[in-house]
file upload04.csv (CSV, C-alpha atoms (C1' of nucleotides) and all ligand atoms)
chain,number,residue,atom,x,y,z
A,14,MET,CA,-0.4,-10.2,8.9
A,15,LEU,CA,-2.7,-10.6,11.9
A,16,GLY,CA,-6.3,-11.7,11.6
A,17,LYS,CA,-9.2,-9.2,12.2
A,18,THR,CA,-10.1,-11.1,15.4
A,19,THR,CA,-6.6,-10.3,16.8
A,20,GLU,CA,-6.8,-6.7,15.7
A,21,TYR,CA,-10.2,-6.3,17.5
A,22,ALA,CA,-8.7,-7.9,20.6
A,23,ILE,CA,-5.8,-5.6,20.8
A,24,ARG,CA,-7.8,-2.5,20.1
A,25,ALA,CA,-10.4,-3.6,22.6
A,26,LEU,CA,-7.9,-4.2,25.4
A,27,VAL,CA,-6.2,-0.9,24.8
A,28,TYR,CA,-9.6,0.9,25.1
A,29,ILE,CA,-10.5,-1.0,28.2
A,30,TYR,CA,-7.2,-0.1,29.8
A,31,ILE,CA,-7.6,3.6,28.9
A,32,GLN,CA,-11.1,3.6,30.4
A,33,ASN,CA,-9.9,1.8,33.5
A,34,MET,CA,-7.4,4.6,34.1
A,35,GLU,CA,-10.4,6.9,34.2
A,36,GLY,CA,-12.1,4.7,36.7
A,37,GLU,CA,-14.6,3.2,34.2
A,38,ARG,CA,-15.5,-0.4,33.3
A,39,PRO,CA,-16.7,-0.3,29.7
A,40,GLY,CA,-19.2,-2.9,28.3
A,41,PHE,CA,-18.7,-4.6,24.9
A,42,LYS,CA,-21.2,-2.3,23.1
A,43,GLU,CA,-19.4,0.8,24.1
A,44,ILE,CA,-16.0,-0.8,23.3
A,45,ALA,CA,-17.2,-1.9,19.9
A,46,LYS,CA,-18.5,1.6,19.1
A,47,MET,CA,-15.2,3.2,20.2
A,48,ILE,CA,-12.9,0.9,18.3
A,49,ASP,CA,-15.2,0.5,15.3
A,50,SER,CA,-15.7,-3.2,15.4
A,51,PRO,CA,-18.8,-5.4,15.1
A,52,GLU,CA,-20.7,-5.3,18.4
A,53,GLN,CA,-21.7,-8.9,19.0
A,54,PHE,CA,-18.5,-10.3,17.6
A,55,THR,CA,-16.4,-8.1,19.8
A,56,GLY,CA,-18.4,-9.5,22.7
A,57,LYS,CA,-17.4,-13.0,21.7
A,58,VAL,CA,-13.7,-12.0,21.3
A,59,LEU,CA,-13.8,-10.5,24.8
A,60,GLN,CA,-15.4,-13.6,26.2
A,61,ASN,CA,-12.4,-15.6,24.8
A,62,LEU,CA,-9.9,-13.1,26.2
A,63,ALA,CA,-11.6,-13.4,29.6
A,64,ARG,CA,-11.4,-17.2,29.5
A,65,ALA,CA,-7.7,-16.8,28.6
A,66,GLU,CA,-7.5,-14.6,31.7
A,67,LEU,CA,-6.1,-11.6,29.7
A,68,VAL,CA,-8.9,-9.4,31.0
A,69,SER,CA,-11.6,-9.7,33.7
A,70,SER,CA,-15.3,-9.1,33.5
A,71,MET,CA,-18.3,-8.6,35.7
A,72,LYS,CA,-21.8,-9.4,34.8
A,73,GLY,CA,-24.8,-7.5,35.9
A,74,ARG,CA,-25.6,-3.9,36.5
A,75,GLY,CA,-22.5,-1.8,36.7
A,76,GLY,CA,-20.5,-4.6,35.1
A,77,GLY,CA,-18.1,-4.6,32.2
A,78,PHE,CA,-14.5,-5.3,31.3
A,79,PHE,CA,-11.5,-4.4,33.4
A,80,PHE,CA,-8.0,-5.4,34.4
A,81,ASN,CA,-7.6,-7.0,37.8
A,82,GLU,CA,-3.9,-6.1,38.0
A,83,PRO,CA,-3.4,-3.1,35.6
A,84,THR,CA,0.3,-2.9,36.5
A,85,ASN,CA,0.9,-6.5,35.1
A,86,PRO,CA,1.9,-5.8,31.6
A,87,ILE,CA,0.2,-7.7,28.8
A,88,THR,CA,2.4,-8.1,25.8
A,89,LEU,CA,0.9,-8.2,22.3
A,90,PHE,CA,2.4,-11.6,22.0
A,91,LYS,CA,0.1,-12.9,24.8
A,92,VAL,CA,-2.9,-11.7,22.9
A,93,ILE,CA,-1.7,-13.1,19.5
A,94,GLU,CA,-0.8,-16.4,21.1
A,95,ALA,CA,-4.3,-16.6,22.7
A,96,ILE,CA,-6.1,-16.0,19.4
A,97,GLU,CA,-3.8,-17.2,16.6
A,98,GLY,CA,-2.3,-20.1,18.4
A,99,LYS,CA,1.2,-21.0,19.7
A,100,GLU,CA,2.7,-21.8,16.3
A,101,TYR,CA,2.3,-18.3,14.8
A,102,PHE,CA,6.0,-17.3,15.2
A,103,SER,CA,7.6,-20.6,14.5
A,104,LYS,CA,6.2,-21.6,11.1
A,105,CYS,CA,8.3,-21.9,8.0
A,106,GLY,CA,7.8,-19.0,5.5
A,107,PHE,CA,8.2,-21.3,2.5
A,108,GLY,CA,5.4,-23.6,3.8
A,109,LEU,CA,7.5,-26.6,4.9
A,110,LYS,CA,6.1,-28.7,7.8
A,111,ARG,CA,8.6,-27.3,10.3
A,112,CYS,CA,11.2,-24.5,10.3
A,113,ASP,CA,14.6,-26.0,10.9
A,114,ALA,CA,17.7,-23.9,10.7
A,115,ASN,CA,19.8,-27.1,10.3
A,116,ASN,CA,17.9,-28.1,7.2
A,117,PRO,CA,16.6,-24.8,6.0
A,118,CYS,CA,14.3,-23.9,3.2
A,119,PRO,CA,15.7,-21.4,0.6
A,120,LEU,CA,13.9,-18.6,2.4
A,121,HIS,CA,15.0,-19.4,5.9
A,122,ASP,CA,17.7,-16.9,6.6
A,123,ASP,CA,15.8,-13.9,5.4
A,124,TYR,CA,12.4,-15.0,6.5
A,125,ALA,CA,13.5,-15.9,10.0
A,126,TYR,CA,15.0,-12.4,10.4
A,127,VAL,CA,11.7,-10.8,9.6
A,128,ARG,CA,9.7,-13.2,11.6
A,129,ASP,CA,12.0,-12.8,14.6
A,130,SER,CA,11.9,-9.0,14.4
A,131,PHE,CA,8.1,-9.3,14.5
A,132,PHE,CA,8.3,-11.6,17.4
A,133,LYS,CA,10.7,-9.3,19.3
A,134,MET,CA,8.4,-6.4,18.6
A,135,VAL,CA,5.2,-8.0,19.9
A,136,ASN,CA,7.1,-9.1,23.0
A,137,GLU,CA,8.2,-5.5,23.7
A,138,LYS,CA,4.9,-3.8,23.0
A,139,THR,CA,2.2,-4.0,25.6
A,140,ILE,CA,-1.4,-3.0,25.9
A,141,GLN,CA,-0.2,-0.5,28.5
A,142,SER,CA,2.5,1.0,26.2
A,143,LEU,CA,0.0,1.4,23.3
A,144,ALA,CA,-2.6,3.0,25.6
A,145,ASN,CA,0.0,5.5,26.9
A,146,LYS,CA,0.8,6.6,23.4
A,147,ILE,CA,-2.8,7.3,22.8
A,148,ASN,CA,-3.2,9.1,26.0
A,149,LYS,CA,-0.2,11.3,25.1
A,150,ARG,CA,-2.0,12.0,21.8
A,151,GLU,CA,1.0,10.5,20.0
A,152,ALA,CA,-1.3,8.0,18.3
A,153,THR,CA,-4.9,7.3,17.4
A,154,LEU,CA,-7.2,4.4,18.5
A,155,ASN,CA,-9.4,4.7,15.4
A,156,ARG,CA,-9.8,6.3,12.1
A,157,LEU,CA,-12.8,8.2,10.6
B,1,MET,CA,2.2,-14.9,7.5
B,2,LEU,CA,1.4,-16.0,4.0
B,3,GLY,CA,-1.5,-18.2,3.1
B,4,LYS,CA,-1.0,-21.8,2.0
B,5,THR,CA,-2.0,-20.9,-1.5
B,6,THR,CA,0.9,-18.5,-1.8
B,7,GLU,CA,3.3,-21.0,-0.3
B,8,TYR,CA,2.2,-23.7,-2.8
B,9,ALA,CA,2.6,-21.1,-5.6
B,10,ILE,CA,6.2,-20.2,-4.6
B,11,ARG,CA,7.3,-23.8,-4.2
B,12,ALA,CA,5.6,-24.8,-7.5
B,13,LEU,CA,7.3,-22.0,-9.4
B,14,VAL,CA,10.7,-22.9,-7.9
B,15,TYR,CA,10.2,-26.5,-8.9
B,16,ILE,CA,9.2,-25.6,-12.4
B,17,TYR,CA,12.3,-23.4,-12.7
B,18,ILE,CA,14.6,-26.2,-11.5
B,19,GLN,CA,13.1,-28.7,-14.0
B,20,ASN,CA,13.2,-26.2,-16.8
B,21,MET,CA,16.9,-25.9,-16.2
B,22,GLU,CA,17.1,-29.6,-16.8
B,23,GLY,CA,15.1,-29.2,-20.1
B,24,GLU,CA,11.9,-30.6,-18.6
B,25,ARG,CA,8.3,-29.2,-18.5
B,26,PRO,CA,6.6,-30.7,-15.5
B,27,GLY,CA,2.9,-31.2,-15.2
B,28,PHE,CA,0.8,-30.3,-12.1
B,29,LYS,CA,0.6,-33.8,-10.9
B,30,GLU,CA,4.4,-34.2,-10.8
B,31,ILE,CA,4.8,-30.7,-9.3
B,32,ALA,CA,2.3,-31.5,-6.5
B,33,LYS,CA,4.1,-34.7,-5.7
B,34,MET,CA,7.5,-33.0,-5.6
B,35,ILE,CA,6.4,-30.0,-3.5
B,36,ASP,CA,4.0,-32.1,-1.3
B,37,SER,CA,0.9,-30.1,-2.1
B,38,PRO,CA,-2.7,-31.2,-3.0
B,39,GLU,CA,-2.7,-32.2,-6.6
B,40,GLN,CA,-5.9,-30.7,-8.0
B,41,PHE,CA,-5.6,-27.5,-5.9
B,42,THR,CA,-2.1,-27.0,-7.2
B,43,GLY,CA,-3.4,-27.3,-10.7
B,44,LYS,CA,-5.9,-24.4,-9.9
B,45,VAL,CA,-3.2,-22.3,-8.4
B,46,LEU,CA,-1.0,-22.8,-11.4
B,47,GLN,CA,-3.9,-21.8,-13.7
B,48,ASN,CA,-4.1,-18.6,-11.8
B,49,LEU,CA,-0.4,-18.0,-12.0
B,50,ALA,CA,-0.6,-18.6,-15.8
B,51,ARG,CA,-3.5,-16.1,-16.1
B,52,ALA,CA,-1.4,-13.6,-14.2
B,53,GLU,CA,1.4,-14.4,-16.7
B,54,LEU,CA,3.9,-15.4,-14.0
B,55,VAL,CA,4.3,-18.8,-15.8
B,56,SER,CA,3.4,-20.3,-19.1
B,57,SER,CA,1.7,-23.6,-19.9
B,58,MET,CA,1.1,-25.8,-22.8
B,59,LYS,CA,-1.8,-28.2,-23.2
B,60,GLY,CA,-1.7,-31.5,-24.8
B,61,ARG,CA,0.8,-34.3,-25.1
B,62,GLY,CA,4.3,-33.1,-24.0
B,63,GLY,CA,2.7,-30.1,-22.4
B,64,GLY,CA,3.3,-28.7,-18.9
B,65,PHE,CA,4.5,-25.6,-17.1
B,66,PHE,CA,7.5,-23.5,-18.0
B,67,PHE,CA,9.0,-20.0,-18.1
B,68,ASN,CA,9.0,-18.3,-21.4
B,69,GLU,CA,11.8,-16.0,-20.4
B,70,PRO,CA,13.7,-17.8,-17.7
B,71,THR,CA,16.2,-14.9,-17.4
B,72,ASN,CA,13.4,-12.5,-16.4
B,73,PRO,CA,13.5,-12.6,-12.6
B,74,ILE,CA,10.2,-13.2,-10.8
B,75,THR,CA,10.3,-11.6,-7.3
B,76,LEU,CA,8.3,-13.2,-4.5
B,77,PHE,CA,6.5,-10.0,-4.3
B,78,LYS,CA,5.0,-10.5,-7.7
B,79,VAL,CA,3.7,-13.9,-6.6
B,80,ILE,CA,2.3,-12.6,-3.3
B,81,GLU,CA,0.7,-9.7,-5.1
B,82,ALA,CA,-1.0,-12.0,-7.6
B,83,ILE,CA,-2.4,-14.2,-4.9
B,84,GLU,CA,-2.9,-12.2,-1.7
B,85,GLY,CA,-3.7,-8.9,-3.5
B,86,LYS,CA,-2.1,-5.5,-3.8
B,87,GLU,CA,-2.9,-4.3,-0.3
B,88,TYR,CA,-0.8,-7.0,1.5
B,89,PHE,CA,2.1,-4.7,2.4
B,90,SER,CA,0.3,-1.5,3.1
B,91,LYS,CA,-2.3,-2.5,5.7
B,92,CYS,CA,-2.3,-1.1,9.3
B,93,GLY,CA,-1.0,-3.6,11.8
B,94,PHE,CA,-3.4,-2.3,14.4
B,95,GLY,CA,-6.4,-2.9,12.1
B,96,LEU,CA,-7.2,0.8,11.2
B,97,LYS,CA,-8.8,1.4,7.8
B,98,ARG,CA,-5.6,2.8,6.4
B,99,CYS,CA,-2.0,3.0,7.5
B,100,ASP,CA,-1.0,6.7,7.7
B,101,ALA,CA,2.3,7.8,9.1
B,102,ASN,CA,0.9,11.3,9.6
B,103,ASN,CA,-1.9,10.1,11.9
B,104,PRO,CA,-0.4,6.8,13.1
B,105,CYS,CA,-1.8,4.1,15.2
B,106,PRO,CA,0.2,3.3,18.4
B,107,LEU,CA,1.9,0.4,16.6
B,108,HIS,CA,2.8,2.2,13.5
B,109,ASP,CA,6.6,2.9,13.9
B,110,ASP,CA,7.5,-0.6,15.0
B,111,TYR,CA,5.0,-2.4,12.8
B,112,ALA,CA,5.9,-0.5,9.7
B,113,TYR,CA,9.6,-1.4,10.3
B,114,VAL,CA,8.7,-5.1,10.3
B,115,ARG,CA,6.3,-4.9,7.4
B,116,ASP,CA,8.8,-2.9,5.3
B,117,SER,CA,11.6,-5.4,6.1
B,118,PHE,CA,9.3,-8.1,4.8
B,119,PHE,CA,8.5,-6.1,1.8
B,120,LYS,CA,12.1,-5.4,1.0
B,121,MET,CA,12.9,-9.1,1.4
B,122,VAL,CA,10.2,-10.3,-1.0
B,123,ASN,CA,11.4,-7.8,-3.5
B,124,GLU,CA,15.0,-9.1,-3.3
B,125,LYS,CA,14.2,-12.8,-3.4
B,126,THR,CA,13.3,-14.3,-6.7
B,127,ILE,CA,12.1,-17.7,-7.8
B,128,GLN,CA,15.5,-18.0,-9.5
B,129,SER,CA,17.5,-17.2,-6.4
B,130,LEU,CA,15.6,-19.7,-4.4
B,131,ALA,CA,16.0,-22.3,-7.0
B,132,ASN,CA,19.7,-21.7,-7.2
B,133,LYS,CA,20.1,-22.3,-3.4
B,134,ILE,CA,18.3,-25.6,-3.8
B,135,ASN,CA,20.5,-26.6,-6.8
B,136,LYS,CA,23.6,-25.8,-4.7
B,137,ARG,CA,22.2,-28.0,-2.0
B,138,GLU,CA,22.2,-25.0,0.4
B,139,ALA,CA,18.5,-25.5,1.0
B,140,THR,CA,15.6,-28.0,0.6
B,141,LEU,CA,12.4,-27.8,-1.4
B,142,ASN,CA,10.5,-30.2,0.8
B,143,ARG,CA,10.6,-32.0,4.2
B,144,LEU,CA,9.9,-35.7,4.9
C,5,DA,C1',-7.6,-39.1,-38.8
C,6,DT,C1',-7.3,-40.9,-34.4
C,7,DA,C1',-5.7,-41.9,-29.8
C,8,DT,C1',-3.5,-39.9,-26.1
C,9,DA,C1',-1.7,-36.9,-22.7
C,10,DA,C1',-1.8,-32.9,-20.9
C,11,DA,C1',-3.8,-28.3,-19.0
C,12,DA,C1',-8.3,-25.7,-18.4
C,13,DA,C1',-12.7,-25.3,-16.7
C,14,DG,C1',-16.7,-25.9,-13.9
C,15,DA,C1',-19.3,-27.8,-10.3
C,16,DC,C1',-19.0,-29.0,-6.0
C,17,DC,C1',-17.3,-29.8,-1.1
C,18,DT,C1',-15.1,-28.7,3.6
C,19,DA,C1',-13.0,-26.0,7.1
C,20,DT,C1',-12.1,-21.7,9.2
C,21,DA,C1',-12.8,-16.9,10.1
C,22,DT,C1',-16.0,-13.6,10.7
C,23,DG,C1',-20.4,-11.9,12.1
C,24,DT,C1',-25.6,-11.8,14.0
C,25,DC,C1',-29.5,-12.9,16.7
C,26,DT,C1',-31.8,-14.7,20.7
C,27,DT,C1',-31.9,-16.5,25.3
C,28,DT,C1',-29.8,-17.3,29.8
C,29,DT,C1',-27.3,-16.0,33.8
C,30,DT,C1',-25.9,-12.9,37.3
C,31,DA,C1',-24.8,-8.7,40.0
C,32,DT,C1',-26.6,-4.5,41.6
C,33,DA,C1',-29.9,-0.9,42.6
C,34,DA,C1',-34.3,0.4,43.9
D,7,DT,C1',-37.6,-9.2,46.3
D,8,DT,C1',-38.1,-7.4,42.0
D,9,DA,C1',-36.6,-4.8,38.0
D,10,DT,C1',-32.7,-3.8,35.4
D,11,DA,C1',-28.4,-3.8,33.2
D,12,DA,C1',-24.8,-6.2,32.0
D,13,DA,C1',-21.9,-10.3,30.3
D,14,DA,C1',-22.3,-15.3,28.9
D,15,DA,C1',-23.9,-18.7,26.0
D,16,DG,C1',-25.8,-21.0,22.1
D,17,DA,C1',-27.7,-21.3,17.6
D,18,DC,C1',-27.3,-19.5,13.3
D,19,DA,C1',-25.5,-17.1,9.1
D,20,DT,C1',-22.1,-15.5,5.7
D,21,DA,C1',-17.6,-15.1,3.5
D,22,DT,C1',-13.2,-16.8,2.3
D,23,DA,C1',-9.6,-20.1,2.0
D,24,DG,C1',-8.6,-24.5,0.9
D,25,DG,C1',-9.6,-28.7,-1.6
D,26,DT,C1',-11.8,-32.5,-4.8
D,27,DC,C1',-14.1,-34.5,-8.7
D,28,DT,C1',-15.6,-34.6,-13.5
D,29,DT,C1',-15.8,-32.9,-18.1
D,30,DT,C1',-13.8,-30.2,-21.8
D,31,DT,C1',-10.3,-28.4,-24.7
D,32,DT,C1',-6.0,-28.8,-27.2
D,33,DA,C1',-1.4,-30.1,-28.8
D,34,DT,C1',1.2,-33.9,-30.2
D,35,DA,C1',2.5,-38.6,-31.7
D,36,DT,C1',1.0,-42.5,-34.1
E,1,LIG,S1,13.0,-23.6,7.2
E,1,LIG,FE1,11.7,-22.3,6.1
E,1,LIG,S2,11.7,-20.5,7.4
E,1,LIG,FE2,13.0,-21.9,8.5
E,2,LIG,S1,-1.1,3.4,11.0
E,2,LIG,FE1,-1.1,1.5,11.9
E,2,LIG,S2,0.6,0.6,11.0
E,2,LIG,FE2,0.6,2.5,10.1
call {"tool": "encode", "arguments": {"input": "upload04.csv", "output": "structure tokens", "more": "lines below"}}
Ligand code: FES
Ligand code: FES
result
Amino acid sequence: MLGKTTEYAIRALVYIYIQNMEGERPGFKEIAKMIDSPEQFTGKVLQNLARAELVSSMKGRGGGFFFNEPTNPITLFKVIEAIEGKEYFSKCGFGLKRCDANNPCPLHDDYAYVRDSFFKMVNEKTIQSLANKINKREATLNRL
Amino acid sequence: MLGKTTEYAIRALVYIYIQNMEGERPGFKEIAKMIDSPEQFTGKVLQNLARAELVSSMKGRGGGFFFNEPTNPITLFKVIEAIEGKEYFSKCGFGLKRCDANNPCPLHDDYAYVRDSFFKMVNEKTIQSLANKINKREATLNRL
DNA sequence: ATATAAAAAGACCTATATGTCTTTTTATAA
DNA sequence: TTATAAAAAGACATATAGGTCTTTTTATAT
């Protein structure tokens, strides 16, 4: 459903958050290694996330990526919106120019239910909540 | 969620089915006009659907696209599978190599629910059921 | 038989997503 | 104040999706 770029973004932010809790500020090379993503490309993705102010970065020795306000929850929606664009959760599943409940496509009722479930989910889940699951060993960040 | 190619495919098959019920065998130029899709590209997509045996075609004068067994229901899943590939509904939403409920990613429970709802939906909906909604004027095939 | 109308095929093009390599900028430590 | 370690930036490179154009094949009507 989501593009690889978005997947890298979410995994990277989760890893950064976990490391921040340990007092560390990881760099993109370390991040890429830990989340199993292409190194340079992950750097680019993190640059974009920093521009979108979803994460902060410091150049120079001792620099790396970190959250300025770790208590401010970042929903997955914010990440998806920043990378896939604002329209992601409002498009018509049948491919019409717009989704319009008052003049629906034949898929509307059922598709809108699925789409809205997804939307609700990504608004509930946050980088922090995913990181906590991993810290509690209830989930894994990567796969061998 | 779905690619444009898949959207064109579904709309094209629905239109073909509707026309078949009227005793017509539309060609790809007519189809493209009616579903508002690029003409030549729609031709290519229909070629692929014909190769996948989701629709039949006849060359030559009086030819066009049609269903050999209109009573044999075609689920949207069959169309998605033919175009997006077999893996579409089994991928991990967090981007791990595989989805594995026994060693889940932190998104697994919630993502799998959404993904499986979508899967269930596309297995229930058929080209025929969508076409019937349109014929009953309960839904629209296109948008001005 | 021949003309015609249609899909099939093949070569090509464009845009976007994904990914790599090299150079520049900047914060810190020594 | 210089060396170093880090992100930022920019120029490429590759893959895939999406799209167009031209030629070939084939079924039918005349
Ligand atoms: S009109 Fe198609 S999904 Fe709403
Ligand atoms: S393991 Fe990630 S969705 Fe199942």
call {"tool": "interface_residues", "arguments": {"input": "upload04.csv", "of": "chain C", "to": "chain B", "cutoff": "9 Å", "atoms": "all atoms listed in the file", "output": "ChimeraX atom specification"}}
result
/C:8-12
call {"tool": "residues_near_ligand", "arguments": {"input": "upload04.csv", "ligand": "ligand LIG 1 (chain E)", "cutoff": "10 Å", "atoms": "all atoms listed in the file", "output": "CSV table (one decimal) with C-alpha atoms, keeping the file's coordinate frame"}}
result
chain,number,residue,atom,x,y,z
A,103,SER,CA,7.6,-20.6,14.5
A,104,LYS,CA,6.2,-21.6,11.1
A,105,CYS,CA,8.3,-21.9,8.0
A,106,GLY,CA,7.8,-19.0,5.5
A,107,PHE,CA,8.2,-21.3,2.5
A,108,GLY,CA,5.4,-23.6,3.8
A,109,LEU,CA,7.5,-26.6,4.9
A,110,LYS,CA,6.1,-28.7,7.8
A,111,ARG,CA,8.6,-27.3,10.3
A,112,CYS,CA,11.2,-24.5,10.3
A,113,ASP,CA,14.6,-26.0,10.9
A,114,ALA,CA,17.7,-23.9,10.7
A,115,ASN,CA,19.8,-27.1,10.3
A,116,ASN,CA,17.9,-28.1,7.2
A,117,PRO,CA,16.6,-24.8,6.0
A,118,CYS,CA,14.3,-23.9,3.2
A,119,PRO,CA,15.7,-21.4,0.6
A,120,LEU,CA,13.9,-18.6,2.4
A,121,HIS,CA,15.0,-19.4,5.9
A,122,ASP,CA,17.7,-16.9,6.6
A,123,ASP,CA,15.8,-13.9,5.4
A,124,TYR,CA,12.4,-15.0,6.5
A,125,ALA,CA,13.5,-15.9,10.0
A,126,TYR,CA,15.0,-12.4,10.4
A,127,VAL,CA,11.7,-10.8,9.6
A,128,ARG,CA,9.7,-13.2,11.6
B,139,ALA,CA,18.5,-25.5,1.0
B,140,THR,CA,15.6,-28.0,0.6
B,141,LEU,CA,12.4,-27.8,-1.4
B,142,ASN,CA,10.5,-30.2,0.8
B,143,ARG,CA,10.6,-32.0,4.2
call {"tool": "closest_residue", "arguments": {"input": "upload04.csv", "among": "A:Ile87, A:Ile140, A:Ile29, A:Ala63", "to": "chain D", "atoms": "all atoms listed in the file"}}
result
A:Ala63
call {"tool": "residues_around", "arguments": {"input": "upload04.csv", "residues": "DG23 of chain C", "least_positions_apart": "3", "cutoff": "12 Å", "atoms": "only C-alpha atoms (C1' of nucleotides)", "output": "ChimeraX atom specification"}}
result
/A:17-18,50-58 /D:18-21
call {"tool": "interface_residues", "arguments": {"input": "upload04.csv", "of": "chain D", "to": "chain B", "cutoff": "9 Å", "atoms": "only C-alpha atoms (C1' of nucleotides)", "output": "ChimeraX atom specification"}}
result
/D:23-26,31-35
call {"tool": "atom_distance", "arguments": {"input": "upload04.csv", "atom1": "atom CA of Gln19 of chain B", "atom2": "atom CA of Leu2 of chain B"}}
result
24.9 Å
call {"tool": "atom_distance", "arguments": {"input": "upload04.csv", "atom1": "atom CA of Phe80 of chain A", "atom2": "atom CA of Leu26 of chain A"}}
result
9.1 Å
call {"tool": "closest_residue", "arguments": {"input": "upload04.csv", "among": "B:Phe89, B:Tyr15, B:Glu24, B:Phe77", "to": "ligand LIG 2 (chain E)", "atoms": "all atoms listed in the file"}}
result
B:Phe89
call {"tool": "residues_around", "arguments": {"input": "upload04.csv", "residues": "DT22 of chain D", "least_positions_apart": "5", "cutoff": "12 Å", "atoms": "only C-alpha atoms (C1' of nucleotides)", "output": "CSV table (one decimal) with C-alpha atoms (C1' of nucleotides), in the frame of the given file"}}
result
chain,number,residue,atom,x,y,z
B,3,GLY,CA,-1.5,-18.2,3.1
B,84,GLU,CA,-2.9,-12.2,-1.7
C,19,DA,C1',-13.0,-26.0,7.1
C,20,DT,C1',-12.1,-21.7,9.2
C,21,DA,C1',-12.8,-16.9,10.1
C,22,DT,C1',-16.0,-13.6,10.7
call {"tool": "atom_distance", "arguments": {"input": "upload04.csv", "atom1": "atom CA of Ile10 of chain B", "atom2": "atom CA of Ala52 of chain B"}}
result
13.9 Å
call {"tool": "closest_residue", "arguments": {"input": "upload04.csv", "among": "A:Lys91, A:Leu143, A:Met34, A:Glu66", "to": "ligand LIG 2 (chain E)", "atoms": "only C-alpha atoms and all ligand atoms"}}
result
A:Leu143
call {"tool": "residues_around", "arguments": {"input": "upload04.csv", "residues": "Ser142 of chain A", "least_positions_apart": "3", "cutoff": "10 Å", "atoms": "all atoms listed in the file", "output": "list in words"}}
result
Val27, Pro86, Ile87, Thr88, Glu137, Lys138, Thr139, Asn145, Lys146, Ile147 and Asn148 of chain A; Pro106 and Leu107 of chain B
call {"tool": "closest_residue", "arguments": {"input": "upload04.csv", "among": "C:DA31, C:DA5, C:DC17, C:DC25", "to": "DA11 of chain D", "atoms": "all atoms listed in the file"}}
result
C:DA31
call {"tool": "closest_residue", "arguments": {"input": "upload04.csv", "among": "B:Arg25, B:Lys86, B:Arg51, B:Lys120", "to": "chain A", "atoms": "all atoms listed in the file"}}
result
B:Lys120
call {"tool": "decode", "arguments": {"input": "upload04.csv", "residues": "segment 11-21 of chain C", "atoms": "N, CA, C and O atoms (P, O5', C5', C4', C3', O3' and C1' of nucleotides)", "output": "short mmCIF file (atom, residue, chain, number, x, y, z; two decimals), in the first residue's frame"}}
result
data_model
loop_
_atom_site.label_atom_id
_atom_site.label_comp_id
_atom_site.auth_asym_id
_atom_site.auth_seq_id
_atom_site.Cartn_x
_atom_site.Cartn_y
_atom_site.Cartn_z
P DA C 11 -10.94 -3.31 -31.09
"O5'" DA C 11 -9.90 -4.49 -31.01
"C5'" DA C 11 -10.36 -5.81 -30.72
"C4'" DA C 11 -9.23 -6.80 -30.93
"C3'" DA C 11 -8.12 -6.74 -29.87
"O3'" DA C 11 -7.68 -8.05 -29.60
"C1'" DA C 11 -7.19 -6.26 -32.00
P DA C 12 -6.42 -8.27 -28.57
"O5'" DA C 12 -5.15 -8.27 -29.54
"C5'" DA C 12 -5.03 -9.31 -30.50
"C4'" DA C 12 -3.59 -9.38 -31.00
"C3'" DA C 12 -2.51 -9.34 -29.92
"O3'" DA C 12 -1.54 -10.32 -30.26
"C1'" DA C 12 -2.18 -7.54 -31.42
P DA C 13 -0.27 -10.59 -29.28
"O5'" DA C 13 0.87 -9.66 -29.91
"C5'" DA C 13 1.07 -9.73 -31.32
"C4'" DA C 13 2.11 -8.71 -31.73
"C3'" DA C 13 3.27 -8.53 -30.73
"O3'" DA C 13 4.46 -8.78 -31.44
"C1'" DA C 13 2.42 -6.44 -31.43
P DG C 14 5.88 -8.92 -30.63
"O5'" DG C 14 6.64 -7.57 -31.00
"C5'" DG C 14 6.61 -7.11 -32.35
"C4'" DG C 14 7.17 -5.70 -32.40
"C3'" DG C 14 8.26 -5.43 -31.36
"O3'" DG C 14 9.28 -4.68 -31.98
"C1'" DG C 14 6.57 -3.83 -31.16
P DA C 15 10.74 -4.49 -31.21
"O5'" DA C 15 11.12 -2.99 -31.64
"C5'" DA C 15 10.50 -2.40 -32.79
"C4'" DA C 15 10.33 -0.92 -32.52
"C3'" DA C 15 11.42 -0.34 -31.63
"O3'" DA C 15 11.95 0.84 -32.24
"C1'" DA C 15 9.28 0.21 -30.78
P DC C 16 13.25 1.59 -31.61
"O5'" DC C 16 12.59 2.74 -30.73
"C5'" DC C 16 11.73 3.68 -31.37
"C4'" DC C 16 10.82 4.33 -30.37
"C3'" DC C 16 11.54 5.14 -29.28
"O3'" DC C 16 11.55 6.50 -29.68
"C1'" DC C 16 9.53 4.04 -28.54
P DC C 17 12.44 7.56 -28.87
"O5'" DC C 17 11.40 8.19 -27.86
"C5'" DC C 17 10.13 8.64 -28.33
"C4'" DC C 17 9.22 8.95 -27.15
"C3'" DC C 17 9.93 9.75 -26.06
"O3'" DC C 17 9.24 10.98 -25.92
"C1'" DC C 17 8.68 7.93 -25.14
P DT C 18 9.88 12.12 -24.98
"O5'" DT C 18 9.11 11.91 -23.60
"C5'" DT C 18 7.68 11.87 -23.60
"C4'" DT C 18 7.21 11.74 -22.16
"C3'" DT C 18 8.01 12.57 -21.16
"O3'" DT C 18 7.06 13.30 -20.40
"C1'" DT C 18 7.89 10.32 -20.45
P DA C 19 7.54 14.26 -19.21
"O5'" DA C 19 7.17 13.38 -17.93
"C5'" DA C 19 5.85 12.85 -17.83
"C4'" DA C 19 5.73 12.09 -16.52
"C3'" DA C 19 6.34 12.83 -15.32
"O3'" DA C 19 5.41 12.70 -14.26
"C1'" DA C 19 7.34 10.68 -15.55
P DT C 20 5.68 13.38 -12.82
"O5'" DT C 20 6.08 12.15 -11.89
"C5'" DT C 20 5.26 10.98 -11.89
"C4'" DT C 20 5.97 9.89 -11.13
"C3'" DT C 20 6.60 10.37 -9.81
"O3'" DT C 20 6.00 9.59 -8.80
"C1'" DT C 20 8.11 9.03 -11.07
P DA C 21 6.46 9.73 -7.25
"O5'" DA C 21 7.35 8.42 -7.06
"C5'" DA C 21 6.83 7.18 -7.52
"C4'" DA C 21 7.86 6.09 -7.31
"C3'" DA C 21 8.53 6.11 -5.94
"O3'" DA C 21 8.60 4.76 -5.51
"C1'" DA C 21 10.17 6.24 -7.64
#
